[in-house]
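**Student:** Quick one: the structure is below, and I'll ask about it shortly.
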Amino acid sequence: MSNGAPGWCPECGTRYEAGTVACPRCRALLVPDPPARGGAPVVVHKVPDAAAGALLAGLLEHHGLRVHLRSATLPGYGDVRRDWGTSAWGELLVRPEDADEAREVIADYLAALERGGQVRDEDVEGEGGG
Ligand SMILES: [Zn+2]
């Protein structure tokens, strides 16, 4: 293994200069390429309107996930759609490493909606309180 190139810690994503072979914090061997963390956000759910988008975005933030609500409507252009092929108003994006959890949170929420027709805080938060 050459020491002539910089490396990245696969655990925490820190970049180290040439000569370092392992991350002192994580005790992980460095890899030659930056880890996927911080990569392009992924769409976890499409929302029919602004209200649903804000509601689900708030739900994910409540679970500690950083979420981005992207509207299919171009800002400043009224009702002009950026993507004519979709009937959704917009979509929720999260970091790739958060995608699984975000989908789970949304699935739980939608399941609770179908069960009771109305979602209470207990359903959303999962545990605690009661
Ligand atoms: Zn590290």
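To be explicit about the labels: the chains of the structure tokens are called A, B, and onward in the order shown, and within each one the residues are counted from 1, while ligands get numbers from 1 in the order they are shown.
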Which residues are near ligand 1 - at most 12 Å, using only C-alpha atoms and all ligand atoms? Format: as a VMD selection string.

**Tutor:** chain A and resid 7 to 16 20 to 31 34 to 35

**Student:** If we count only C-alpha atoms, what is near Asp49 of chain A at a cut-off of 12 Å, once residues fewer than 4 positions away on the same chain are taken out, given as a PyMOL selection string?

**Tutor:** chain A and resi 53-56+69-73+87-92

**Student:** Keeping only all heavy atoms, write the selected residues as a compact mmCIF listing (two decimals), in the first residue's frame.

**Tutor:**
```txt
# COMPACT_ATOMS: atom_id res chain seq x y z
N GLY A 53 -46.25 18.09 2.52
CA GLY A 53 -44.80 18.18 2.51
C GLY A 53 -44.27 18.76 3.80
O GLY A 53 -43.32 18.23 4.40
N ALA A 54 -44.88 19.84 4.26
CA ALA A 54 -44.43 20.48 5.49
C ALA A 54 -44.65 19.56 6.68
O ALA A 54 -43.82 19.48 7.60
CB ALA A 54 -45.18 21.80 5.69
N LEU A 55 -45.76 18.83 6.65
CA LEU A 55 -46.09 17.93 7.76
C LEU A 55 -45.05 16.80 7.86
O LEU A 55 -44.51 16.53 8.93
CB LEU A 55 -47.49 17.36 7.53
CG LEU A 55 -48.15 16.62 8.70
CD1 LEU A 55 -49.66 16.76 8.60
CD2 LEU A 55 -47.78 15.15 8.71
N LEU A 56 -44.77 16.17 6.72
CA LEU A 56 -43.82 15.06 6.73
C LEU A 56 -42.39 15.55 7.00
O LEU A 56 -41.62 14.88 7.68
CB LEU A 56 -43.89 14.29 5.41
CG LEU A 56 -45.16 13.46 5.23
CD1 LEU A 56 -45.22 12.86 3.83
CD2 LEU A 56 -45.25 12.36 6.27
N LEU A 69 -37.30 19.76 1.61
CA LEU A 69 -38.54 19.67 0.87
C LEU A 69 -38.38 20.43 -0.44
O LEU A 69 -38.18 21.63 -0.45
CB LEU A 69 -39.68 20.27 1.71
CG LEU A 69 -41.05 20.33 1.06
CD1 LEU A 69 -41.55 18.95 0.67
CD2 LEU A 69 -42.04 20.99 2.01
N ARG A 70 -38.43 19.69 -1.53
CA ARG A 70 -38.23 20.31 -2.83
C ARG A 70 -39.53 20.33 -3.60
O ARG A 70 -40.14 19.29 -3.84
CB ARG A 70 -37.17 19.54 -3.62
CG ARG A 70 -36.86 20.19 -4.96
CD ARG A 70 -35.64 19.59 -5.59
NE ARG A 70 -35.85 18.21 -6.02
CZ ARG A 70 -34.89 17.43 -6.49
NH1 ARG A 70 -33.66 17.88 -6.54
NH2 ARG A 70 -35.16 16.20 -6.87
N SER A 71 -39.94 21.49 -3.97
CA SER A 71 -41.18 21.62 -4.71
C SER A 71 -40.94 21.46 -6.20
O SER A 71 -39.91 21.88 -6.72
CB SER A 71 -41.79 23.00 -4.44
OG SER A 71 -42.83 23.24 -5.37
N ALA A 72 -41.89 20.81 -6.86
CA ALA A 72 -41.78 20.67 -8.31
C ALA A 72 -42.16 21.97 -9.01
O ALA A 72 -41.99 22.12 -10.20
CB ALA A 72 -42.69 19.53 -8.79
N THR A 73 -42.66 22.90 -8.23
CA THR A 73 -43.03 24.20 -8.79
C THR A 73 -41.83 25.12 -8.77
O THR A 73 -41.16 25.26 -7.77
CB THR A 73 -44.15 24.83 -7.95
OG1 THR A 73 -45.24 23.92 -7.87
CG2 THR A 73 -44.63 26.11 -8.59
N SER A 87 -47.39 13.95 -10.94
CA SER A 87 -48.56 14.62 -10.40
C SER A 87 -48.30 15.11 -8.99
O SER A 87 -49.11 15.78 -8.39
CB SER A 87 -49.76 13.66 -10.40
OG SER A 87 -49.47 12.54 -9.59
N ALA A 88 -47.13 14.73 -8.46
CA ALA A 88 -46.81 15.13 -7.10
C ALA A 88 -46.43 16.61 -7.06
O ALA A 88 -45.82 17.14 -8.00
CB ALA A 88 -45.67 14.28 -6.56
N TRP A 89 -46.75 17.24 -5.95
CA TRP A 89 -46.41 18.64 -5.80
C TRP A 89 -44.91 18.81 -5.58
O TRP A 89 -44.29 19.76 -6.03
CB TRP A 89 -47.19 19.22 -4.61
CG TRP A 89 -46.75 20.59 -4.23
CD1 TRP A 89 -47.19 21.77 -4.77
CD2 TRP A 89 -45.79 20.95 -3.23
NE1 TRP A 89 -46.55 22.83 -4.16
CE2 TRP A 89 -45.69 22.35 -3.22
CE3 TRP A 89 -44.99 20.20 -2.37
CZ2 TRP A 89 -44.82 23.03 -2.36
CZ3 TRP A 89 -44.13 20.86 -1.50
CH2 TRP A 89 -44.05 22.27 -1.51
N GLY A 90 -44.35 17.86 -4.87
CA GLY A 90 -42.93 17.97 -4.57
C GLY A 90 -42.42 16.69 -3.95
O GLY A 90 -43.11 15.67 -3.93
N GLU A 91 -41.18 16.75 -3.45
CA GLU A 91 -40.60 15.54 -2.90
C GLU A 91 -39.71 15.85 -1.71
O GLU A 91 -39.20 16.97 -1.57
CB GLU A 91 -39.81 14.79 -3.97
CG GLU A 91 -38.83 15.69 -4.72
CD GLU A 91 -38.48 15.14 -6.09
OE1 GLU A 91 -39.16 14.24 -6.57
OE2 GLU A 91 -37.50 15.63 -6.67
N LEU A 92 -39.56 14.84 -0.86
CA LEU A 92 -38.73 14.98 0.33
C LEU A 92 -37.38 14.32 0.06
O LEU A 92 -37.32 13.18 -0.38
CB LEU A 92 -39.40 14.31 1.53
CG LEU A 92 -40.67 15.00 2.04
CD1 LEU A 92 -41.43 14.07 2.95
CD2 LEU A 92 -40.32 16.28 2.77
```

**Student:** Just checking: using only C-alpha atoms, which residue out of A:Pro96, A:Ile106, A:Arg115, A:Glu101 ends up closest to Val42 of chain A?

**Tutor:**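 Under the stated criterion, the closest residue is A:Pro96.
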
**Student:** Just the residues within 12 Å of Leu60 of chain A, please, counting only C-alpha atoms, with nothing from its chain fewer than 6 positions along; format it as a list in words.

**Tutor:** Val44, His45, Gly53, Ala54, Arg66, Val67, His68, Leu69, Leu92, Leu93, Val94, Arg95, Asp98, Ala99, Asp100, Glu101, Ala102, Arg103, Glu104, Val105, Ile106, Ala107, Asp108, Tyr109, Val124 and Glu125 of chain A
